[in-house]
Amino acid sequence: MARSFYTLLIYLLLPLAYLRLRWRARKEPGYGQHISERFGLYDFAASKPVVWVHAVSVGETRAAVPLVAALKAHYPDHQILITHMTPTGRATSESLFGDDVLRCYLPYDAPFAMQRFLAHFQPRLGVIMETEIWPNLIAIAHKKNIPLWLVNARLSEKSAQRYAHFSSLTANSLTKLSGICAQTSTDAARLTQLGGQHVKICGNVKFDMTPPEKMLDLGLALRERFGKHRLVFLAASTREGEEELILDAIGKIQVDGMIAVIVPRHPQRFDAVAALIRKRGFKLQRRSANESIDKTTQIVLGDSMGEMFAYYAACDVAFIGGSLLPLGGQNLIEACAVGKPVLIGPHTFNFSEATEQAVECGAARRVTDAETLAEEVTTLLTDEEIREEMGIAGLEFSQAHRGAVEKIITTVTAHESGKDGQLEYKKH
């Protein structure tokens with residue numbers, strides 16, 4: 001009954017979903033492309049058996065890199081299909097994987113669309129990154145005996161409470177999954193409480209991401225462009241409302257010759273953030289202009305896709321966005337993996353365990369507001385020894401937590417072989 005009501009709601013919303021795509025396409029043209037895929041219609045087909053990975057947007061797509069590599073190695077006679085829900089996720093996939101994978105949009109969760117998707121690609125195996133619960137997709141895949149896994153699964157307390165409001169629908173969906181590979185024991189406990197079965201703690205695949213040599217080389221080139229003798233403060237993956245606070249902090253940082261780099265999380269906000277920076281009176285240049293950076297430039301806007309590792313490689317101190325306001329924070333692991341000292345705001349519930357561990361081992365420091373952000377950036381940029389100590393701690397932190405991808409592959413393949421008897425998370 002719960003899924004029937006959910007399905008009715010999906011059907012009622014489909015016309016509005018189409019209109020919303022057209023509306024969003026006015027500012028973001030990507031939403032006006034490949035619309036037929038949103039309804040399960042595709043103009044290409046796989047030439048080999050398919051292993052399917054769903055990565056909804058940018059963060060999930062970047063996190064999927066080591067998992068996709070492992071799946072390709074384990075299933076060499078298969079094609080990898082990556083599905084997305086956002087144009088930025090799709091663009092990130094094109095940047096990271098090129099023609100090595102197939103890609104398309106996952107349809108809206110209407111039964112007819114999901115039936116078309118699964119019938120068209122006939123995946124041998126499906127893995128959904130992080131926490132995307134699609135009741136009709138899961139039910140249809142279960143009926144067709146297609147193994148479907150939730151991997152790198154995380155669930156904040158806030159999200160768990162939201163899913164608990166639809167406990168019957170959530171439990172019915174989770175029980176139909178082949179299994180769940182959770183990031184932490186806390187995630188495993190929350191998913192189990194909601195009805196998840198065959199839950200195993202595998203860790204976070206983002207620790208298994210290796211900075212690409214191409215991005216490290218680009219980082220060196222960017223650093224040359226910023227000025228070899230200028231100290232670089234990076235504000236990464238910033239969210240709406242945060243840039244004002246970060247600009248407040250930049251105005252208070254007491255470091256001669258410092259250059260700041262601001263990289264908004266969402267590309268549709270690039271122009272708005274540029275206008276805000278200019279309104280504040282800072283001299284700005286944009287990364288997309290691909291020009292030499294003038295020695296009087298104070299801020300560079302990182303308005304490019306797929307270059308985050310390069311920005312980390314080019315900076316001296318990195319602040320991780322989404323954390324000054326109650327938005328849950330973004331992933332700090334990439335900055336640690338490049339050996340850079342990290343600053344993080346008070347709101348990190350999306351990555352709570354990794355953040356606490358990074359702070360505890362000395363790889364990251366917390367700030368509470370714009371004023372303390374300015375103070376910490378000033379401290380770190382004027383003390384090379386502390387920066388080096390934090391960078392080394394970050395490298396050790398990221399390396400110590402590797403291995404999630406291997407555990408996921410072992411878990412999934414053991415299940416296929418019928419050897420998963422000891423995989424379940426046990427509530428203590």
# chains A, B, ... in the order shown; residues from 1 in each chain; ligands from 1
$ residues_around --residues "Thr382 in chain A" --least-positions-apart "2" --cutoff "12 Å" --atoms "only C-alpha atoms" --output "ChimeraX atom specification"
/A:230-233,253-258,316-317,375-380,384-388
$ select_by_dssp --residues "range 218-384 of chain A" --states "strand (DSSP E or B)" --output "JSON, numbers by chain"
{"A": [232, 233, 234, 235, 236, 237, 238, 259, 260, 261, 262, 263, 264, 284, 285, 286, 299, 300, 301, 317, 318, 319, 320, 342, 343, 344, 364, 365, 366]}
$ write_last_selection --atoms "C-alpha atoms" --output "compact mmCIF listing (two decimals), in the first residue's frame"
# COMPACT_ATOMS: atom_id res chain seq x y z
CA VAL A 232 47.35 30.55 -1.54
CA PHE A 233 44.18 30.16 0.54
CA LEU A 234 41.56 27.89 -1.03
CA ALA A 235 37.87 27.91 -0.14
CA ALA A 236 36.59 24.69 -1.75
CA SER A 237 33.04 23.57 -2.51
CA THR A 238 31.44 26.68 -1.06
CA ILE A 259 45.81 35.17 -3.05
CA ALA A 260 42.47 33.49 -2.38
CA VAL A 261 40.80 30.91 -4.61
CA ILE A 262 37.04 30.35 -4.23
CA VAL A 263 35.49 27.28 -5.88
CA PRO A 264 31.67 27.19 -5.57
CA LEU A 284 38.97 39.18 -9.46
CA GLN A 285 40.10 36.87 -12.23
CA ARG A 286 38.30 33.73 -13.38
CA ILE A 299 40.77 36.42 -5.67
CA VAL A 300 40.60 33.76 -8.36
CA LEU A 301 37.18 32.23 -9.00
CA VAL A 317 45.64 25.97 3.20
CA ALA A 318 42.21 24.59 2.27
CA PHE A 319 38.86 25.43 3.84
CA ILE A 320 36.13 22.90 3.08
CA VAL A 342 42.45 21.61 6.32
CA LEU A 343 40.05 24.00 8.00
CA ILE A 344 36.43 22.99 8.53
CA ALA A 364 42.26 19.46 10.30
CA ARG A 365 41.17 22.30 12.55
CA ARG A 366 37.68 23.59 13.24
$ residues_around --residues "Gly40 in chain A" --least-positions-apart "3" --cutoff "6 Å" --atoms "only C-alpha atoms" --output "JSON, numbers by chain"
{"A": [37, 107, 113, 116, 117]}
$ write_last_selection --atoms "C-alpha atoms" --output "PDB file, in the first residue's frame"
ATOM      1  CA  GLU A  37      16.343   9.294 -20.781  1.00  0.00           C
ATOM      2  CA  PRO A 107      14.822   7.661 -15.114  1.00  0.00           C
ATOM      3  CA  ALA A 113      10.392   4.115 -16.860  1.00  0.00           C
ATOM      4  CA  ARG A 116      12.337   0.317 -19.716  1.00  0.00           C
ATOM      5  CA  PHE A 117      15.726   1.130 -18.183  1.00  0.00           C
TER       6      PHE A 117
END
$ closest_residue --among "A:Pro267, A:Gly98, A:Gly251, A:Gly32" --to "Leu373 in chain A" --atoms "only C-alpha atoms"
A:Gly251
$ closest_atom_pairs --of "range 120-236 of chain A" --to "range 10-30 of chain A" --cutoff "12 Å" --atoms "only C-alpha atoms" --output "tab-separated table"
residue	atom	partner	partner_atom	distance
A:Trp134	CA	A:Ile10	CA	11.2
A:Pro135	CA	A:Ile10	CA	11.0
A:Asn136	CA	A:Ile10	CA	10.1
$ residues_around --residues "range 74-87 of chain A" --least-positions-apart "3" --cutoff "7 Å" --atoms "only C-alpha atoms" --output "list in words"
Gly30, Tyr31, Lys48, Pro49, Val50, Val51, Trp52, Val53, His54, Ala55, Val56, Ser57, Ala70, Leu71, Arg90, Ala91, Val101, Leu102, Arg103, Cys104, Tyr105 and Leu106 of chain A
$ select_by_dssp --residues "range 71-247 of chain A" --states "helix (DSSP H, G or I)" --output "VMD selection string"
chain A and resid 71 to 74 87 to 100 111 to 121 135 to 143 157 to 164 167 to 174 185 to 193 205 to 208 213 to 226 242 to 247
$ closest_residue --among "A:Pro111, A:Gly195, A:Gly203, A:Gly328" --to "Gln183 in chain A" --atoms "only C-alpha atoms"
A:Gly203
$ closest_residue --among "A:Asp100, A:Glu360, A:Glu94, A:Asp109" --to "Arg38 in chain A" --atoms "only C-alpha atoms"
A:Asp109
$ closest_residue --among "A:Ile293, A:Ala141, A:Ala370, A:Ala337" --to "Lys252 in chain A" --atoms "only C-alpha atoms"
A:Ala370
$ atom_distance --atom1 "CA of Val205 in chain A" --atom2 "CA of Val405 in chain A"
5.7 Å
$ closest_residue --among "A:Ile140, A:Ala272, A:Ala63, A:Ile180" --to "Gly241 in chain A" --atoms "only C-alpha atoms"
A:Ala272
$ atom_distance --atom1 "CA of Leu155 in chain A" --atom2 "CA of Gln122 in chain A"
28.9 Å
$ atom_distance --atom1 "CA of Glu213 in chain A" --atom2 "CA of Leu381 in chain A"
25.8 Å
$ residues_around --residues "Cys181 in chain A" --least-positions-apart "5" --cutoff "12 Å" --atoms "only C-alpha atoms" --output "PDB file with N, CA and C atoms, in the first residue's frame"
ATOM      1  N   VAL A 127      25.061  -1.137  -8.551  1.00  0.00           N
ATOM      2  CA  VAL A 127      25.485  -0.562  -7.268  1.00  0.00           C
ATOM      3  C   VAL A 127      25.083   0.910  -7.253  1.00  0.00           C
ATOM      4  N   ILE A 128      24.458   1.309  -6.158  1.00  0.00           N
ATOM      5  CA  ILE A 128      23.999   2.684  -5.972  1.00  0.00           C
ATOM      6  C   ILE A 128      24.909   3.342  -4.951  1.00  0.00           C
ATOM      7  N   MET A 129      25.539   4.442  -5.343  1.00  0.00           N
ATOM      8  CA  MET A 129      26.480   5.128  -4.468  1.00  0.00           C
ATOM      9  C   MET A 129      25.759   5.928  -3.389  1.00  0.00           C
ATOM     10  N   GLU A 130      26.241   5.776  -2.174  1.00  0.00           N
ATOM     11  CA  GLU A 130      25.814   6.523  -0.993  1.00  0.00           C
ATOM     12  C   GLU A 130      24.363   6.189  -0.658  1.00  0.00           C
ATOM     13  N   THR A 131      23.461   7.135  -0.565  1.00  0.00           N
ATOM     14  CA  THR A 131      22.125   6.789  -0.079  1.00  0.00           C
ATOM     15  C   THR A 131      21.059   7.328  -1.007  1.00  0.00           C
ATOM     16  N   LEU A 148      21.208  -5.808  -6.557  1.00  0.00           N
ATOM     17  CA  LEU A 148      21.296  -4.357  -6.414  1.00  0.00           C
ATOM     18  C   LEU A 148      21.814  -4.029  -5.020  1.00  0.00           C
ATOM     19  N   TRP A 149      22.908  -3.279  -4.977  1.00  0.00           N
ATOM     20  CA  TRP A 149      23.594  -2.974  -3.727  1.00  0.00           C
ATOM     21  C   TRP A 149      23.610  -1.472  -3.467  1.00  0.00           C
ATOM     22  N   LEU A 150      23.498  -1.119  -2.196  1.00  0.00           N
ATOM     23  CA  LEU A 150      23.753   0.241  -1.748  1.00  0.00           C
ATOM     24  C   LEU A 150      25.167   0.251  -1.185  1.00  0.00           C
ATOM     25  N   VAL A 151      26.080   1.005  -1.818  1.00  0.00           N
ATOM     26  CA  VAL A 151      27.484   0.965  -1.404  1.00  0.00           C
ATOM     27  C   VAL A 151      27.967   2.361  -1.024  1.00  0.00           C
ATOM     28  N   ASN A 152      29.023   2.376  -0.219  1.00  0.00           N
ATOM     29  CA  ASN A 152      29.525   3.620   0.368  1.00  0.00           C
ATOM     30  C   ASN A 152      28.397   4.358   1.072  1.00  0.00           C
ATOM     31  N   ALA A 153      27.500   3.578   1.667  1.00  0.00           N
ATOM     32  CA  ALA A 153      26.258   4.122   2.210  1.00  0.00           C
ATOM     33  C   ALA A 153      26.521   4.933   3.474  1.00  0.00           C
ATOM     34  N   ARG A 154      25.917   6.112   3.506  1.00  0.00           N
ATOM     35  CA  ARG A 154      25.980   6.944   4.702  1.00  0.00           C
ATOM     36  C   ARG A 154      24.590   7.491   4.979  1.00  0.00           C
ATOM     37  N   LEU A 155      24.304   7.730   6.231  1.00  0.00           N
ATOM     38  CA  LEU A 155      22.979   8.211   6.605  1.00  0.00           C
ATOM     39  C   LEU A 155      23.115   9.074   7.849  1.00  0.00           C
ATOM     40  N   ASP A 187      26.512   4.590  10.507  1.00  0.00           N
ATOM     41  CA  ASP A 187      25.674   4.463   9.311  1.00  0.00           C
ATOM     42  C   ASP A 187      25.014   3.090   9.271  1.00  0.00           C
ATOM     43  N   ALA A 188      25.786   2.052   9.584  1.00  0.00           N
ATOM     44  CA  ALA A 188      25.252   0.689   9.564  1.00  0.00           C
ATOM     45  C   ALA A 188      24.108   0.532  10.563  1.00  0.00           C
ATOM     46  N   ALA A 189      24.274   1.106  11.740  1.00  0.00           N
ATOM     47  CA  ALA A 189      23.234   0.993  12.764  1.00  0.00           C
ATOM     48  C   ALA A 189      21.945   1.689  12.324  1.00  0.00           C
ATOM     49  N   LEU A 191      20.934   2.359   9.231  1.00  0.00           N
ATOM     50  CA  LEU A 191      20.331   1.636   8.115  1.00  0.00           C
ATOM     51  C   LEU A 191      19.684   0.342   8.573  1.00  0.00           C
ATOM     52  N   THR A 192      20.303  -0.327   9.521  1.00  0.00           N
ATOM     53  CA  THR A 192      19.721  -1.560  10.072  1.00  0.00           C
ATOM     54  C   THR A 192      18.430  -1.255  10.802  1.00  0.00           C
ATOM     55  N   GLY A 196      17.307  -2.257   6.950  1.00  0.00           N
ATOM     56  CA  GLY A 196      18.351  -2.805   6.100  1.00  0.00           C
ATOM     57  C   GLY A 196      18.811  -4.178   6.569  1.00  0.00           C
ATOM     58  N   GLN A 197      19.100  -5.040   5.620  1.00  0.00           N
ATOM     59  CA  GLN A 197      19.605  -6.380   5.922  1.00  0.00           C
ATOM     60  C   GLN A 197      20.914  -6.607   5.171  1.00  0.00           C
ATOM     61  N   HIS A 198      21.687  -7.586   5.626  1.00  0.00           N
ATOM     62  CA  HIS A 198      22.982  -7.877   5.013  1.00  0.00           C
ATOM     63  C   HIS A 198      23.824  -6.595   4.940  1.00  0.00           C
ATOM     64  N   VAL A 199      23.936  -5.921   6.081  1.00  0.00           N
ATOM     65  CA  VAL A 199      24.679  -4.661   6.169  1.00  0.00           C
ATOM     66  C   VAL A 199      26.094  -4.950   6.650  1.00  0.00           C
ATOM     67  N   LYS A 200      27.069  -4.506   5.880  1.00  0.00           N
ATOM     68  CA  LYS A 200      28.478  -4.697   6.245  1.00  0.00           C
ATOM     69  C   LYS A 200      29.168  -3.341   6.303  1.00  0.00           C
ATOM     70  N   ILE A 201      30.039  -3.165   7.275  1.00  0.00           N
ATOM     71  CA  ILE A 201      30.824  -1.939   7.390  1.00  0.00           C
ATOM     72  C   ILE A 201      32.071  -2.088   6.525  1.00  0.00           C
ATOM     73  N   CYS A 202      32.172  -1.276   5.485  1.00  0.00           N
ATOM     74  CA  CYS A 202      33.286  -1.397   4.532  1.00  0.00           C
ATOM     75  C   CYS A 202      34.200  -0.180   4.508  1.00  0.00           C
ATOM     76  N   GLY A 203      33.797   0.919   5.138  1.00  0.00           N
ATOM     77  CA  GLY A 203      34.601   2.129   5.082  1.00  0.00           C
ATOM     78  C   GLY A 203      34.172   3.026   3.930  1.00  0.00           C
ATOM     79  N   ASN A 204      34.915   4.104   3.757  1.00  0.00           N
ATOM     80  CA  ASN A 204      34.576   5.150   2.790  1.00  0.00           C
ATOM     81  C   ASN A 204      35.487   5.035   1.562  1.00  0.00           C
ATOM     82  N   VAL A 205      34.901   4.827   0.384  1.00  0.00           N
ATOM     83  CA  VAL A 205      35.707   4.653  -0.825  1.00  0.00           C
ATOM     84  C   VAL A 205      36.489   5.910  -1.190  1.00  0.00           C
ATOM     85  N   ALA A 404      38.372   0.366   1.431  1.00  0.00           N
ATOM     86  CA  ALA A 404      36.920   0.199   1.319  1.00  0.00           C
ATOM     87  C   ALA A 404      36.523  -0.471   0.009  1.00  0.00           C
ATOM     88  N   VAL A 405      37.169  -0.095  -1.085  1.00  0.00           N
ATOM     89  CA  VAL A 405      36.805  -0.666  -2.391  1.00  0.00           C
ATOM     90  C   VAL A 405      37.034  -2.166  -2.405  1.00  0.00           C
ATOM     91  N   GLU A 406      38.155  -2.605  -1.877  1.00  0.00           N
ATOM     92  CA  GLU A 406      38.441  -4.046  -1.831  1.00  0.00           C
ATOM     93  C   GLU A 406      37.379  -4.790  -1.016  1.00  0.00           C
ATOM     94  N   LYS A 407      36.961  -4.195   0.100  1.00  0.00           N
ATOM     95  CA  LYS A 407      35.929  -4.828   0.927  1.00  0.00           C
ATOM     96  C   LYS A 407      34.596  -4.899   0.188  1.00  0.00           C
ATOM     97  N   ILE A 408      34.269  -3.835  -0.542  1.00  0.00           N
ATOM     98  CA  ILE A 408      33.009  -3.826  -1.290  1.00  0.00           C
ATOM     99  C   ILE A 408      33.025  -4.899  -2.375  1.00  0.00           C
ATOM    100  N   ILE A 409      34.107  -4.954  -3.142  1.00  0.00           N
ATOM    101  CA  ILE A 409      34.203  -5.952  -4.202  1.00  0.00           C
ATOM    102  C   ILE A 409      34.138  -7.361  -3.622  1.00  0.00           C
ATOM    103  N   THR A 410      34.824  -7.595  -2.523  1.00  0.00           N
ATOM    104  CA  THR A 410      34.798  -8.910  -1.873  1.00  0.00           C
ATOM    105  C   THR A 410      33.397  -9.264  -1.409  1.00  0.00           C
ATOM    106  N   THR A 411      32.710  -8.282  -0.831  1.00  0.00           N
ATOM    107  CA  THR A 411      31.350  -8.506  -0.321  1.00  0.00           C
ATOM    108  C   THR A 411      30.380  -8.828  -1.446  1.00  0.00           C
ATOM    109  N   VAL A 412      30.429  -8.033  -2.511  1.00  0.00           N
ATOM    110  CA  VAL A 412      29.496  -8.215  -3.629  1.00  0.00           C
ATOM    111  C   VAL A 412      29.745  -9.547  -4.328  1.00  0.00           C
ATOM    112  N   LEU A 423      28.105 -11.667   6.751  1.00  0.00           N
ATOM    113  CA  LEU A 423      28.303 -10.274   6.349  1.00  0.00           C
ATOM    114  C   LEU A 423      27.490  -9.278   7.149  1.00  0.00           C
ATOM    115  N   GLU A 424      26.469  -9.725   7.855  1.00  0.00           N
ATOM    116  CA  GLU A 424      25.541  -8.789   8.438  1.00  0.00           C
ATOM    117  C   GLU A 424      26.152  -7.968   9.567  1.00  0.00           C
ATOM    118  N   TYR A 425      25.706  -6.697   9.651  1.00  0.00           N
ATOM    119  CA  TYR A 425      26.055  -5.856  10.781  1.00  0.00           C
ATOM    120  C   TYR A 425      25.277  -6.366  11.982  1.00  0.00           C
TER     121      TYR A 425
END
$ closest_residue --among "A:Leu9, A:Ala310, A:Arg190, A:Thr170" --to "Glu157 in chain A" --atoms "only C-alpha atoms"
A:Arg190
$ residues_around --residues "Lys176 in chain A" --least-positions-apart "2" --cutoff "7 Å" --atoms "only C-alpha atoms" --output "list in words"
Ile138, Ala139, His142, Asn172, Ser173, Leu174 and Ser178 of chain A
$ residues_around --residues "Thr61 in chain A" --least-positions-apart "5" --cutoff "7 Å" --atoms "only C-alpha atoms" --output "list in words"
Ala55, Gly89, Thr92 and Ser93 of chain A
$ write_last_selection --atoms "N, CA and C atoms" --output "compact mmCIF listing (two decimals), in the first residue's frame"
# COMPACT_ATOMS: atom_id res chain seq x y z
N ALA A 55 25.52 7.12 -9.73
CA ALA A 55 26.17 8.21 -8.99
C ALA A 55 25.39 9.48 -9.29
N GLY A 89 26.80 16.08 -12.63
CA GLY A 89 27.30 14.72 -12.41
C GLY A 89 27.71 14.08 -13.72
N THR A 92 30.92 15.64 -14.98
CA THR A 92 32.05 15.13 -14.19
C THR A 92 32.44 13.75 -14.67
N SER A 93 31.45 12.91 -14.98
CA SER A 93 31.71 11.58 -15.50
C SER A 93 32.46 11.65 -16.83
$ decode --residues "range 176-200 of chain A" --atoms "N, CA and C atoms" --output "JSON list (two decimals), in the first residue's frame"
[["chain", "number", "residue", "atom", "x", "y", "z"],
["A", 176, "LYS", "N", 14.74, -5.41, 0.13],
["A", 176, "LYS", "CA", 14.83, -6.00, -1.22],
["A", 176, "LYS", "C", 16.20, -5.81, -1.86],
["A", 177, "LEU", "N", 17.06, -5.03, -1.22],
["A", 177, "LEU", "CA", 18.42, -4.89, -1.72],
["A", 177, "LEU", "C", 19.20, -6.18, -1.47],
["A", 178, "SER", "N", 20.17, -6.47, -2.32],
["A", 178, "SER", "CA", 21.03, -7.63, -2.09],
["A", 178, "SER", "C", 21.89, -7.44, -0.86],
["A", 179, "GLY", "N", 22.22, -6.19, -0.56],
["A", 179, "GLY", "CA", 23.02, -5.89, 0.62],
["A", 179, "GLY", "C", 23.39, -4.43, 0.65],
["A", 180, "ILE", "N", 23.99, -4.03, 1.78],
["A", 180, "ILE", "CA", 24.39, -2.64, 1.99],
["A", 180, "ILE", "C", 25.82, -2.62, 2.50],
["A", 181, "CYS", "N", 26.67, -1.84, 1.87],
["A", 181, "CYS", "CA", 28.05, -1.62, 2.33],
["A", 181, "CYS", "C", 28.11, -0.23, 2.93],
["A", 182, "ALA", "N", 28.11, -0.14, 4.25],
["A", 182, "ALA", "CA", 28.05, 1.14, 4.96],
["A", 182, "ALA", "C", 29.44, 1.69, 5.20],
["A", 183, "GLN", "N", 29.52, 3.03, 5.32],
["A", 183, "GLN", "CA", 30.81, 3.67, 5.57],
["A", 183, "GLN", "C", 31.29, 3.43, 6.99],
["A", 184, "THR", "N", 30.39, 3.59, 7.97],
["A", 184, "THR", "CA", 30.78, 3.53, 9.38],
["A", 184, "THR", "C", 29.80, 2.68, 10.17],
["A", 185, "SER", "N", 30.16, 2.37, 11.40],
["A", 185, "SER", "CA", 29.26, 1.62, 12.28],
["A", 185, "SER", "C", 27.99, 2.40, 12.58],
["A", 186, "THR", "N", 28.11, 3.73, 12.66],
["A", 186, "THR", "CA", 26.93, 4.56, 12.90],
["A", 186, "THR", "C", 25.97, 4.49, 11.72],
["A", 187, "ASP", "N", 26.51, 4.59, 10.51],
["A", 187, "ASP", "CA", 25.67, 4.46, 9.31],
["A", 187, "ASP", "C", 25.01, 3.09, 9.27],
["A", 188, "ALA", "N", 25.79, 2.05, 9.58],
["A", 188, "ALA", "CA", 25.25, 0.69, 9.56],
["A", 188, "ALA", "C", 24.11, 0.53, 10.56],
["A", 189, "ALA", "N", 24.27, 1.11, 11.74],
["A", 189, "ALA", "CA", 23.23, 0.99, 12.76],
["A", 189, "ALA", "C", 21.94, 1.69, 12.32],
["A", 190, "ARG", "N", 22.07, 2.87, 11.76],
["A", 190, "ARG", "CA", 20.89, 3.61, 11.31],
["A", 190, "ARG", "C", 20.18, 2.89, 10.18],
["A", 191, "LEU", "N", 20.93, 2.36, 9.23],
["A", 191, "LEU", "CA", 20.33, 1.64, 8.12],
["A", 191, "LEU", "C", 19.68, 0.34, 8.57],
["A", 192, "THR", "N", 20.30, -0.33, 9.52],
["A", 192, "THR", "CA", 19.72, -1.56, 10.07],
["A", 192, "THR", "C", 18.43, -1.25, 10.80],
["A", 193, "GLN", "N", 18.42, -0.17, 11.56],
["A", 193, "GLN", "CA", 17.21, 0.21, 12.31],
["A", 193, "GLN", "C", 16.05, 0.53, 11.37],
["A", 194, "LEU", "N", 16.36, 1.04, 10.18],
["A", 194, "LEU", "CA", 15.32, 1.35, 9.20],
["A", 194, "LEU", "C", 14.85, 0.13, 8.41],
["A", 195, "GLY", "N", 15.52, -1.01, 8.62],
["A", 195, "GLY", "CA", 15.09, -2.23, 7.95],
["A", 195, "GLY", "C", 16.12, -2.86, 7.04],
["A", 196, "GLY", "N", 17.31, -2.26, 6.95],
["A", 196, "GLY", "CA", 18.35, -2.81, 6.10],
["A", 196, "GLY", "C", 18.81, -4.18, 6.57],
["A", 197, "GLN", "N", 19.10, -5.04, 5.62],
["A", 197, "GLN", "CA", 19.60, -6.38, 5.92],
["A", 197, "GLN", "C", 20.91, -6.61, 5.17],
["A", 198, "HIS", "N", 21.69, -7.59, 5.63],
["A", 198, "HIS", "CA", 22.98, -7.88, 5.01],
["A", 198, "HIS", "C", 23.82, -6.60, 4.94],
["A", 199, "VAL", "N", 23.94, -5.92, 6.08],
["A", 199, "VAL", "CA", 24.68, -4.66, 6.17],
["A", 199, "VAL", "C", 26.09, -4.95, 6.65],
["A", 200, "LYS", "N", 27.07, -4.51, 5.88],
["A", 200, "LYS", "CA", 28.48, -4.70, 6.24],
["A", 200, "LYS", "C", 29.17, -3.34, 6.30]]
